[in-house]
Every structure is written in structure tokens, then in C-alpha cells.
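> So here's structure_11.txt (compact mmCIF, N, CA, C and O atoms and all ligand atoms).
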# COMPACT_ATOMS: atom_id res chain seq x y z
N MET H 126 0.83 -1.20 0.00
CA MET H 126 0.00 0.00 0.00
C MET H 126 0.87 1.25 0.00
O MET H 126 1.92 1.31 0.62
N LYS H 127 0.40 2.24 -0.72
CA LYS H 127 1.17 3.48 -0.84
C LYS H 127 1.01 4.32 0.41
O LYS H 127 -0.06 4.38 1.01
N SER H 128 2.09 4.96 0.80
CA SER H 128 2.03 5.87 1.93
C SER H 128 1.20 7.09 1.52
O SER H 128 0.98 7.32 0.34
N PRO H 129 0.78 7.89 2.52
CA PRO H 129 -0.04 9.05 2.18
C PRO H 129 0.64 9.93 1.14
O PRO H 129 1.86 10.01 1.11
N ARG H 130 -0.13 10.58 0.31
CA ARG H 130 0.43 11.41 -0.75
C ARG H 130 1.28 12.53 -0.17
O ARG H 130 0.91 13.17 0.81
N GLU H 131 2.40 12.70 -0.81
CA GLU H 131 3.26 13.83 -0.45
C GLU H 131 3.45 14.66 -1.71
O GLU H 131 4.33 14.37 -2.52
N PRO H 132 2.64 15.71 -1.86
CA PRO H 132 2.67 16.50 -3.11
C PRO H 132 4.06 17.04 -3.43
O PRO H 132 4.45 17.08 -4.60
N ASP H 133 4.80 17.45 -2.40
CA ASP H 133 6.14 17.99 -2.65
C ASP H 133 7.05 16.96 -3.29
O ASP H 133 7.82 17.25 -4.20
N LEU H 134 6.97 15.71 -2.77
CA LEU H 134 7.83 14.66 -3.31
C LEU H 134 7.40 14.27 -4.72
O LEU H 134 8.24 13.95 -5.57
N GLU H 135 6.10 14.32 -4.96
CA GLU H 135 5.62 14.03 -6.32
C GLU H 135 6.11 15.10 -7.28
O GLU H 135 6.56 14.79 -8.39
N LEU H 136 6.04 16.35 -6.84
CA LEU H 136 6.53 17.45 -7.67
C LEU H 136 8.03 17.29 -7.93
O LEU H 136 8.50 17.40 -9.07
N ARG H 137 8.78 16.97 -6.87
CA ARG H 137 10.23 16.81 -7.01
C ARG H 137 10.55 15.68 -7.99
O ARG H 137 11.40 15.83 -8.86
N GLY H 138 9.85 14.58 -7.84
CA GLY H 138 10.09 13.44 -8.73
C GLY H 138 9.78 13.79 -10.18
O GLY H 138 10.53 13.44 -11.09
N ARG H 139 8.68 14.50 -10.37
CA ARG H 139 8.28 14.87 -11.72
C ARG H 139 9.33 15.79 -12.35
O ARG H 139 9.70 15.64 -13.52
N LEU H 140 9.82 16.73 -11.55
CA LEU H 140 10.83 17.66 -12.08
C LEU H 140 12.13 16.92 -12.41
O LEU H 140 12.73 17.15 -13.45
N ILE H 141 12.55 16.05 -11.50
CA ILE H 141 13.79 15.29 -11.74
C ILE H 141 13.68 14.49 -13.03
O ILE H 141 14.60 14.48 -13.85
N ARG H 142 12.53 13.86 -13.22
CA ARG H 142 12.37 13.05 -14.43
C ARG H 142 12.33 13.90 -15.69
O ARG H 142 12.67 13.44 -16.76
N SER H 143 11.92 15.16 -15.55
CA SER H 143 11.83 16.03 -16.73
C SER H 143 13.19 16.56 -17.16
O SER H 143 13.34 17.07 -18.27
N LEU H 144 14.19 16.46 -16.28
CA LEU H 144 15.48 17.09 -16.58
C LEU H 144 16.19 16.45 -17.76
O LEU H 144 16.92 17.11 -18.49
N GLY H 145 15.96 15.15 -17.95
CA GLY H 145 16.62 14.46 -19.07
C GLY H 145 16.28 15.09 -20.41
O GLY H 145 17.13 15.15 -21.32
N SER H 146 15.06 15.60 -20.53
CA SER H 146 14.64 16.19 -21.80
C SER H 146 15.31 17.55 -22.04
O SER H 146 15.18 18.12 -23.11
N LEU H 147 16.03 18.04 -21.03
CA LEU H 147 16.69 19.34 -21.16
C LEU H 147 18.20 19.19 -21.38
O LEU H 147 18.95 20.16 -21.28
N ARG H 148 18.63 17.96 -21.69
CA ARG H 148 20.08 17.69 -21.74
C ARG H 148 20.80 18.46 -22.83
O ARG H 148 22.02 18.61 -22.78
N GLU H 149 20.07 18.95 -23.84
CA GLU H 149 20.72 19.71 -24.92
C GLU H 149 20.78 21.21 -24.62
O GLU H 149 21.06 22.01 -25.51
N MET H 150 20.52 21.59 -23.38
CA MET H 150 20.47 23.01 -23.05
C MET H 150 21.80 23.71 -23.32
O MET H 150 22.87 23.11 -23.25
N LEU H 151 21.68 25.00 -23.63
CA LEU H 151 22.86 25.84 -23.89
C LEU H 151 22.87 27.01 -22.93
O LEU H 151 21.81 27.48 -22.51
N PRO H 152 24.08 27.50 -22.60
CA PRO H 152 24.18 28.65 -21.69
C PRO H 152 23.93 29.97 -22.43
O PRO H 152 23.87 30.00 -23.66
N GLY H 153 23.83 31.03 -21.66
CA GLY H 153 23.80 32.36 -22.23
C GLY H 153 22.42 32.82 -22.60
O GLY H 153 21.42 32.22 -22.23
N SER H 154 22.38 33.92 -23.33
CA SER H 154 21.08 34.43 -23.77
C SER H 154 21.07 34.58 -25.29
O SER H 154 22.11 34.73 -25.93
N PHE H 155 19.86 34.51 -25.80
CA PHE H 155 19.63 34.56 -27.24
C PHE H 155 19.41 36.00 -27.64
O PHE H 155 18.62 36.71 -27.04
N VAL H 156 20.14 36.45 -28.65
CA VAL H 156 20.07 37.84 -29.07
C VAL H 156 19.75 37.90 -30.56
O VAL H 156 20.33 37.15 -31.35
N GLU H 157 18.82 38.78 -30.91
CA GLU H 157 18.57 39.05 -32.33
C GLU H 157 18.93 40.50 -32.61
O GLU H 157 18.39 41.41 -31.99
N ARG H 158 19.85 40.69 -33.52
CA ARG H 158 20.24 42.05 -33.91
C ARG H 158 19.78 42.32 -35.33
O ARG H 158 19.79 41.42 -36.16
N LYS H 159 19.42 43.56 -35.58
CA LYS H 159 19.08 43.99 -36.93
C LYS H 159 20.26 44.76 -37.49
O LYS H 159 20.84 45.60 -36.79
N ARG H 160 20.62 44.45 -38.72
CA ARG H 160 21.77 45.16 -39.28
C ARG H 160 21.62 45.30 -40.80
O ARG H 160 20.90 44.54 -41.45
N ALA H 161 22.34 46.28 -41.34
CA ALA H 161 22.46 46.43 -42.78
C ALA H 161 23.74 45.73 -43.22
O ALA H 161 24.74 45.76 -42.50
N CYS H 162 23.70 45.06 -44.38
CA CYS H 162 24.88 44.30 -44.80
C CYS H 162 25.90 45.17 -45.52
O CYS H 162 27.04 44.77 -45.69
N GLY H 163 25.49 46.37 -45.97
CA GLY H 163 26.45 47.27 -46.59
C GLY H 163 26.43 47.23 -48.11
O GLY H 163 27.00 48.13 -48.75
N ARG H 164 25.77 46.23 -48.71
CA ARG H 164 25.69 46.20 -50.18
C ARG H 164 24.68 47.25 -50.63
O ARG H 164 23.54 47.26 -50.17
N PRO H 165 25.11 48.13 -51.54
CA PRO H 165 24.25 49.28 -51.89
C PRO H 165 22.94 48.87 -52.57
O PRO H 165 21.94 49.59 -52.46
N ASN H 166 22.91 47.72 -53.26
CA ASN H 166 21.70 47.33 -53.98
C ASN H 166 20.78 46.43 -53.16
O ASN H 166 19.74 45.98 -53.65
N CYS H 167 21.15 46.11 -51.95
CA CYS H 167 20.36 45.18 -51.15
C CYS H 167 19.09 45.87 -50.62
O CYS H 167 19.05 47.09 -50.46
N HIS H 168 18.08 45.06 -50.31
CA HIS H 168 16.83 45.61 -49.79
C HIS H 168 17.03 46.32 -48.44
O HIS H 168 16.18 47.07 -48.00
N CYS H 169 18.17 46.04 -47.80
CA CYS H 169 18.40 46.63 -46.48
C CYS H 169 18.99 48.05 -46.58
O CYS H 169 19.12 48.74 -45.58
N ALA H 170 19.33 48.44 -47.81
CA ALA H 170 20.09 49.69 -47.96
C ALA H 170 19.33 50.92 -47.48
O ALA H 170 19.93 51.89 -47.04
N ASP H 171 17.98 50.88 -47.54
CA ASP H 171 17.22 52.05 -47.08
C ASP H 171 17.02 52.05 -45.57
O ASP H 171 16.37 52.93 -45.02
N GLY H 172 17.55 51.04 -44.90
CA GLY H 172 17.51 51.03 -43.44
C GLY H 172 16.21 50.53 -42.85
O GLY H 172 16.05 50.52 -41.64
N LYS H 173 15.26 50.09 -43.71
CA LYS H 173 13.97 49.62 -43.18
C LYS H 173 13.93 48.11 -43.05
O LYS H 173 13.62 47.58 -41.98
N LEU H 174 14.22 47.41 -44.16
CA LEU H 174 14.19 45.93 -44.12
C LEU H 174 15.58 45.40 -43.81
O LEU H 174 16.29 44.92 -44.69
N LEU H 175 15.94 45.48 -42.56
CA LEU H 175 17.29 45.06 -42.18
C LEU H 175 17.37 43.54 -42.06
O LEU H 175 16.36 42.85 -41.96
N HIS H 176 18.60 43.03 -42.07
CA HIS H 176 18.82 41.59 -41.87
C HIS H 176 18.82 41.27 -40.38
O HIS H 176 19.24 42.09 -39.57
N SER H 177 18.38 40.06 -40.06
CA SER H 177 18.48 39.59 -38.68
C SER H 177 19.80 38.85 -38.51
O SER H 177 20.16 38.01 -39.33
N GLN H 178 20.49 39.20 -37.47
CA GLN H 178 21.69 38.44 -37.09
C GLN H 178 21.43 37.85 -35.71
O GLN H 178 21.15 38.60 -34.77
N PHE H 179 21.48 36.54 -35.61
CA PHE H 179 21.22 35.88 -34.34
C PHE H 179 22.53 35.55 -33.64
O PHE H 179 23.51 35.17 -34.29
N GLN H 180 22.52 35.74 -32.34
CA GLN H 180 23.74 35.49 -31.56
C GLN H 180 23.42 34.83 -30.23
O GLN H 180 22.31 34.99 -29.70
N ILE H 181 24.40 34.09 -29.73
CA ILE H 181 24.38 33.68 -28.32
C ILE H 181 25.31 34.63 -27.58
O ILE H 181 26.47 34.78 -27.95
N SER H 182 24.78 35.25 -26.55
CA SER H 182 25.60 36.08 -25.68
C SER H 182 25.93 35.23 -24.46
O SER H 182 25.05 34.82 -23.72
N VAL H 183 27.22 34.96 -24.26
CA VAL H 183 27.60 33.96 -23.27
C VAL H 183 28.96 34.30 -22.67
O VAL H 183 29.77 34.98 -23.31
N LEU H 184 29.19 33.87 -21.44
CA LEU H 184 30.51 34.04 -20.83
C LEU H 184 31.37 32.83 -21.18
O LEU H 184 30.96 31.69 -20.95
N ILE H 185 32.54 33.08 -21.74
CA ILE H 185 33.50 32.00 -21.98
C ILE H 185 34.77 32.35 -21.22
O ILE H 185 35.35 33.42 -21.44
N ASP H 186 35.18 31.47 -20.31
CA ASP H 186 36.30 31.74 -19.41
C ASP H 186 36.13 33.09 -18.71
O ASP H 186 37.07 33.87 -18.58
N GLY H 187 34.89 33.39 -18.31
CA GLY H 187 34.61 34.61 -17.57
C GLY H 187 34.48 35.85 -18.42
O GLY H 187 34.22 36.93 -17.88
N LYS H 188 34.69 35.72 -19.71
CA LYS H 188 34.61 36.91 -20.58
C LYS H 188 33.35 36.84 -21.44
O LYS H 188 33.05 35.81 -22.02
N PRO H 189 32.63 37.97 -21.54
CA PRO H 189 31.42 37.97 -22.37
C PRO H 189 31.76 37.87 -23.85
O PRO H 189 32.65 38.57 -24.35
N LYS H 190 31.06 36.96 -24.53
CA LYS H 190 31.26 36.77 -25.97
C LYS H 190 29.90 36.79 -26.65
O LYS H 190 28.91 36.38 -26.06
N ALA H 191 29.88 37.25 -27.88
CA ALA H 191 28.68 37.15 -28.71
C ALA H 191 29.03 36.26 -29.90
O ALA H 191 29.89 36.60 -30.71
N LEU H 192 28.41 35.09 -29.96
CA LEU H 192 28.71 34.13 -31.02
C LEU H 192 27.59 34.16 -32.04
O LEU H 192 26.41 34.04 -31.69
N ASN H 193 27.95 34.29 -33.30
CA ASN H 193 26.92 34.31 -34.35
C ASN H 193 26.31 32.92 -34.52
O ASN H 193 26.99 31.90 -34.43
N ILE H 194 25.02 32.90 -34.79
CA ILE H 194 24.30 31.66 -35.03
C ILE H 194 23.80 31.69 -36.48
O ILE H 194 23.13 32.65 -36.87
N PRO H 195 24.09 30.65 -37.27
CA PRO H 195 23.52 30.60 -38.61
C PRO H 195 21.99 30.65 -38.53
O PRO H 195 21.39 30.05 -37.63
N THR H 196 21.38 31.37 -39.46
CA THR H 196 19.93 31.61 -39.40
C THR H 196 19.14 30.31 -39.31
O THR H 196 18.15 30.22 -38.57
N ASP H 197 19.56 29.29 -40.04
CA ASP H 197 18.77 28.04 -40.04
C ASP H 197 18.86 27.30 -38.71
O ASP H 197 18.07 26.39 -38.46
N LEU H 198 19.82 27.66 -37.87
CA LEU H 198 19.92 27.02 -36.55
C LEU H 198 19.33 27.88 -35.44
O LEU H 198 19.25 27.45 -34.28
N ALA H 199 18.89 29.09 -35.80
CA ALA H 199 18.52 30.05 -34.76
C ALA H 199 17.39 29.54 -33.86
O ALA H 199 17.47 29.64 -32.64
N GLU H 200 16.34 28.96 -34.47
CA GLU H 200 15.20 28.52 -33.66
C GLU H 200 15.61 27.39 -32.73
O GLU H 200 15.21 27.34 -31.56
N LYS H 201 16.42 26.46 -33.23
CA LYS H 201 16.90 25.35 -32.40
C LYS H 201 17.72 25.85 -31.22
O LYS H 201 17.55 25.42 -30.08
N VAL H 202 18.61 26.80 -31.51
CA VAL H 202 19.45 27.35 -30.45
C VAL H 202 18.61 28.11 -29.43
O VAL H 202 18.81 28.00 -28.22
N ARG H 203 17.62 28.85 -29.93
CA ARG H 203 16.74 29.60 -29.02
C ARG H 203 16.05 28.63 -28.04
O ARG H 203 15.96 28.89 -26.85
N GLN H 204 15.60 27.50 -28.57
CA GLN H 204 14.94 26.51 -27.71
C GLN H 204 15.91 25.91 -26.69
O GLN H 204 15.54 25.64 -25.55
N LYS H 205 17.15 25.69 -27.12
CA LYS H 205 18.14 25.09 -26.21
C LYS H 205 18.52 26.06 -25.09
O LYS H 205 18.80 25.64 -23.97
N ILE H 206 18.55 27.34 -25.41
CA ILE H 206 18.82 28.34 -24.37
C ILE H 206 17.63 28.42 -23.41
O ILE H 206 17.81 28.56 -22.20
N GLU H 207 16.42 28.29 -23.97
CA GLU H 207 15.21 28.28 -23.13
C GLU H 207 15.22 27.06 -22.18
O GLU H 207 14.74 27.14 -21.05
N MET H 208 15.81 25.94 -22.64
CA MET H 208 15.91 24.75 -21.78
C MET H 208 16.70 25.06 -20.51
O MET H 208 16.37 24.56 -19.43
N ARG H 209 17.72 25.87 -20.64
CA ARG H 209 18.53 26.22 -19.48
C ARG H 209 17.69 26.96 -18.44
O ARG H 209 17.82 26.74 -17.24
N ARG H 210 16.81 27.85 -18.94
CA ARG H 210 15.94 28.59 -18.02
C ARG H 210 15.02 27.62 -17.28
O ARG H 210 14.81 27.73 -16.07
N ARG H 211 14.48 26.64 -18.02
CA ARG H 211 13.58 25.66 -17.39
C ARG H 211 14.36 24.78 -16.40
O ARG H 211 13.85 24.39 -15.36
N PHE H 212 15.61 24.44 -16.77
CA PHE H 212 16.46 23.66 -15.87
C PHE H 212 16.69 24.41 -14.57
O PHE H 212 16.55 23.85 -13.47
N ASP H 213 17.05 25.69 -14.68
CA ASP H 213 17.29 26.50 -13.48
C ASP H 213 16.03 26.62 -12.63
O ASP H 213 16.10 26.57 -11.40
N ALA H 214 14.87 26.80 -13.28
CA ALA H 214 13.61 26.92 -12.54
C ALA H 214 13.32 25.61 -11.81
O ALA H 214 12.89 25.62 -10.64
N ALA H 215 13.56 24.47 -12.48
CA ALA H 215 13.33 23.17 -11.84
C ALA H 215 14.27 22.99 -10.66
O ALA H 215 13.85 22.54 -9.58
N ALA H 216 15.54 23.35 -10.84
CA ALA H 216 16.51 23.22 -9.76
C ALA H 216 16.11 24.06 -8.56
O ALA H 216 16.21 23.62 -7.40
N ALA H 217 15.62 25.28 -8.82
CA ALA H 217 15.21 26.17 -7.73
C ALA H 217 14.03 25.57 -6.97
O ALA H 217 13.98 25.62 -5.73
N THR H 218 13.07 24.98 -7.70
CA THR H 218 11.91 24.37 -7.05
C THR H 218 12.33 23.15 -6.23
O THR H 218 11.87 22.97 -5.09
N ILE H 219 13.20 22.32 -6.80
CA ILE H 219 13.68 21.12 -6.09
C ILE H 219 14.41 21.54 -4.81
O ILE H 219 14.19 20.97 -3.74
N CYS H 220 15.26 22.55 -4.91
CA CYS H 220 15.98 23.03 -3.72
C CYS H 220 15.00 23.56 -2.69
O CYS H 220 15.19 23.36 -1.47
N GLY H 221 13.94 24.24 -3.14
CA GLY H 221 12.93 24.75 -2.21
C GLY H 221 12.24 23.63 -1.46
O GLY H 221 12.03 23.72 -0.24
N VAL H 222 11.87 22.57 -2.18
CA VAL H 222 11.25 21.40 -1.55
C VAL H 222 12.20 20.79 -0.52
O VAL H 222 11.82 20.49 0.61
N ASN H 223 13.45 20.64 -0.91
CA ASN H 223 14.42 19.99 -0.03
C ASN H 223 14.71 20.84 1.21
O ASN H 223 14.87 20.31 2.32
N LEU H 224 14.75 22.16 1.01
CA LEU H 224 15.00 23.04 2.15
C LEU H 224 13.84 22.96 3.14
O LEU H 224 14.04 22.86 4.36
N LYS H 225 12.62 22.95 2.61
CA LYS H 225 11.44 22.84 3.47
C LYS H 225 11.50 21.53 4.27
O LYS H 225 11.22 21.51 5.48
N ARG H 226 11.86 20.44 3.60
CA ARG H 226 11.94 19.13 4.27
C ARG H 226 13.05 19.12 5.32
O ARG H 226 12.90 18.55 6.40
N PHE H 227 14.16 19.76 4.99
CA PHE H 227 15.28 19.82 5.92
C PHE H 227 14.89 20.58 7.19
O PHE H 227 15.17 20.16 8.31
N LEU H 228 14.21 21.73 6.99
CA LEU H 228 13.82 22.55 8.14
C LEU H 228 12.83 21.79 9.02
O LEU H 228 12.88 21.88 10.25
N LYS H 229 11.93 21.05 8.39
CA LYS H 229 10.94 20.27 9.12
C LYS H 229 11.63 19.18 9.95
O LYS H 229 11.35 18.97 11.13
N GLU H 230 12.57 18.51 9.31
CA GLU H 230 13.31 17.43 9.97
C GLU H 230 14.09 17.98 11.17
O GLU H 230 14.13 17.38 12.25
N LYS H 231 14.70 19.13 10.96
CA LYS H 231 15.49 19.76 12.01
C LYS H 231 14.59 20.11 13.20
O LYS H 231 14.96 19.89 14.36
N GLU H 232 13.41 20.65 12.89
CA GLU H 232 12.47 21.04 13.92
C GLU H 232 12.02 19.84 14.75
O GLU H 232 11.94 19.90 15.97
N GLU H 233 11.76 18.75 14.03
CA GLU H 233 11.28 17.54 14.71
C GLU H 233 12.33 16.97 15.66
O GLU H 233 12.00 16.39 16.69
N ARG H 234 13.57 17.11 15.33
CA ARG H 234 14.66 16.63 16.19
C ARG H 234 14.75 17.42 17.49
O ARG H 234 15.20 16.91 18.50
N GLN H 235 14.38 18.71 17.39
CA GLN H 235 14.56 19.57 18.56
C GLN H 235 13.45 19.44 19.58
O GLN H 235 13.54 19.96 20.68
N VAL H 236 12.37 18.76 19.19
CA VAL H 236 11.24 18.61 20.13
C VAL H 236 11.62 17.64 21.25
O VAL H 236 12.24 16.64 20.99
ZN ZN H 301 21.48 43.67 -47.02
Spell out the structure here as C-alpha cells.


Amino acid sequence: MKSPREPDLELRGRLIRSLGSLREMLPGSFVERKRACGRPNCHCADGKLLHSQFQISVLIDGKPKALNIPTDLAEKVRQKIEMRRRFDAAAATICGVNLKRFLKEKEERQV
């Protein structure tokens, strides 16, 4: 027979199991810049229809870098960077559950 439901533990278990799907996560933030390419005959020359340049803004060895992303990979990279945010959110929730359990355990010992 199952012990009484513990919603926190169910939540923790669900989050832990979801982390595997985030294994392709990437660090940093996703940046879209608009720019003109400089060719005088291009549609961007009037400054209205600019080109999109996608970048990952990330720290490498403690130094901020902006790495260009090929346009066809931009959506995939954006999703992978979003995975990192979800990973961090899951970790924060798991830590919160564990801290609550730790404090409860500590309190029970002192009685
Ligand atoms: Zn152009």
C-alpha cells in the first residue's frame, strides 16, 4: 500500500524526471540584432528591411562573448537556451522542496 500522498515529493520526482529532456540546453542568452549588410543594392540599404543576425551572448572563461548563429539554426538554439531557463527553474523548485523538508526534519529533532 502506498504511503499518504506527499505532493512535494511528487513534484520533485516529476521535475527530476523532466530534466533528461533538457540535456541539450545551452548557456547564455539569445540575441537578435538587426543590421544592414552594406551592399548598396540590397533591400536593407534604405535602413527599413534590415537583416536579422542571431547570436548567443555567453561568458567564456569569464569573458562575455557574442557568437553568431547561422539563421537556419537560430530557432533550435533559441529553444536550447530556453531549456537552461527551465532547468534552473526546476533546480530552484527542487531546492525549495528539499529546504522545506530539511527545516521540518530539524524542527522535529529539537522537540
Ligand atoms: Zn542587405

> Grab me every residue within 5 Å of ligand ZN 301 (chain H), counting all atoms listed in the file, and send it over as a list in words.

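The neighbouring residues of ligand ZN 301 (chain H) are, in order, Ala161, Cys162, Gly163, Cys167, His168 and Cys169 of chain H.
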
> Which polymer residues have any atom within 8 Å of an atom of range 134-142 of chain H, counting all atoms listed in the file, with same-chain residues fewer than 3 positions away left out, as a ChimeraX atom specification?

/H:130-131,145-147,211-212,215-216,218-220,222-223

> Could you please take those selected residues and save N, CA, C and O atoms as an mmCIF file, keeping the file's coordinate frame?


data_model
loop_
_atom_site.group_PDB
_atom_site.id
_atom_site.type_symbol
_atom_site.label_atom_id
_atom_site.label_comp_id
_atom_site.auth_asym_id
_atom_site.auth_seq_id
_atom_site.Cartn_x
_atom_site.Cartn_y
_atom_site.Cartn_z
ATOM 1 N N ARG H 130 -0.130 10.580 0.310
ATOM 2 C CA ARG H 130 0.430 11.410 -0.750
ATOM 3 C C ARG H 130 1.280 12.530 -0.170
ATOM 4 O O ARG H 130 0.910 13.170 0.810
ATOM 5 N N GLU H 131 2.400 12.700 -0.810
ATOM 6 C CA GLU H 131 3.260 13.830 -0.450
ATOM 7 C C GLU H 131 3.450 14.660 -1.710
ATOM 8 O O GLU H 131 4.330 14.370 -2.520
ATOM 9 N N GLY H 145 15.960 15.150 -17.950
ATOM 10 C CA GLY H 145 16.620 14.460 -19.070
ATOM 11 C C GLY H 145 16.280 15.090 -20.410
ATOM 12 O O GLY H 145 17.130 15.150 -21.320
ATOM 13 N N SER H 146 15.060 15.600 -20.530
ATOM 14 C CA SER H 146 14.640 16.190 -21.800
ATOM 15 C C SER H 146 15.310 17.550 -22.040
ATOM 16 O O SER H 146 15.180 18.120 -23.110
ATOM 17 N N LEU H 147 16.030 18.040 -21.030
ATOM 18 C CA LEU H 147 16.690 19.340 -21.160
ATOM 19 C C LEU H 147 18.200 19.190 -21.380
ATOM 20 O O LEU H 147 18.950 20.160 -21.280
ATOM 21 N N ARG H 211 14.480 26.640 -18.020
ATOM 22 C CA ARG H 211 13.580 25.660 -17.390
ATOM 23 C C ARG H 211 14.360 24.780 -16.400
ATOM 24 O O ARG H 211 13.850 24.390 -15.360
ATOM 25 N N PHE H 212 15.610 24.440 -16.770
ATOM 26 C CA PHE H 212 16.460 23.660 -15.870
ATOM 27 C C PHE H 212 16.690 24.410 -14.570
ATOM 28 O O PHE H 212 16.550 23.850 -13.470
ATOM 29 N N ALA H 215 13.560 24.470 -12.480
ATOM 30 C CA ALA H 215 13.330 23.170 -11.840
ATOM 31 C C ALA H 215 14.270 22.990 -10.660
ATOM 32 O O ALA H 215 13.850 22.540 -9.580
ATOM 33 N N ALA H 216 15.540 23.350 -10.840
ATOM 34 C CA ALA H 216 16.510 23.220 -9.760
ATOM 35 C C ALA H 216 16.110 24.060 -8.560
ATOM 36 O O ALA H 216 16.210 23.620 -7.400
ATOM 37 N N THR H 218 13.070 24.980 -7.700
ATOM 38 C CA THR H 218 11.910 24.370 -7.050
ATOM 39 C C THR H 218 12.330 23.150 -6.230
ATOM 40 O O THR H 218 11.870 22.970 -5.090
ATOM 41 N N ILE H 219 13.200 22.320 -6.800
ATOM 42 C CA ILE H 219 13.680 21.120 -6.090
ATOM 43 C C ILE H 219 14.410 21.540 -4.810
ATOM 44 O O ILE H 219 14.190 20.970 -3.740
ATOM 45 N N CYS H 220 15.260 22.550 -4.910
ATOM 46 C CA CYS H 220 15.980 23.030 -3.720
ATOM 47 C C CYS H 220 15.000 23.560 -2.690
ATOM 48 O O CYS H 220 15.190 23.360 -1.470
ATOM 49 N N VAL H 222 11.870 22.570 -2.180
ATOM 50 C CA VAL H 222 11.250 21.400 -1.550
ATOM 51 C C VAL H 222 12.200 20.790 -0.520
ATOM 52 O O VAL H 222 11.820 20.490 0.610
ATOM 53 N N ASN H 223 13.450 20.640 -0.910
ATOM 54 C CA ASN H 223 14.420 19.990 -0.030
ATOM 55 C C ASN H 223 14.710 20.840 1.210
ATOM 56 O O ASN H 223 14.870 20.310 2.320
#

> Which residue is closest to Gln178 in chain H? Choose from H:Met150, H:Ala214, H:Leu224, H:Ala199 and count only C-alpha atoms.

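Checking each candidate against Gln178 in chain H, we get H:Ala199 as the closest.
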
> Provide the atom O of Phe179 in chain H to CA of Glu207 in chain H distance in Å, to one decimal place.

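One can read the atom O of Phe179 in chain H to CA of Glu207 in chain H distance as 15.5 Å.
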
> Tell me which protein, DNA and RNA residues are within 10 Å of Glu149 in chain H, counting only C-alpha atoms, leaving out same-chain ones fewer than 6 positions away, and put them as a ChimeraX atom specification.

/H:202,204-206,208-209

> Let's see if you can do this: from backbone DSSP, list all alpha helix (DSSP H) residues in chain H, as a ChimeraX atom specification.

/H:132-143,199-235

> Please compute the atom O of Ala191 in chain H-atom O of Ser143 in chain H distance, one decimal, in Å.

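Calculated distance between atom O of Ala191 in chain H and atom O of Ser143 in chain H is 28.5 Å.
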
> My list of candidates is H:Ile194, H:Ala217, H:Ala170, H:Ile181. Which is closest to Ser154 in chain H when distances are computed with only C-alpha atoms?

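The closest residue to Ser154 in chain H is H:Ile181.
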
> Looking only at the backbone, which of the residues in chain H does DSSP tag as strand (DSSP E or B), as a PyMOL selection string?

chain H and resi 154-160+176-185+188-194

> Between atom C of Gly153 in chain H and CA of Gly221 in chain H, what is the distance in Å, rounded to a tenth?

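Straight-line distance from atom C of Gly153 in chain H to CA of Gly221 in chain H works out to 23.9 Å.
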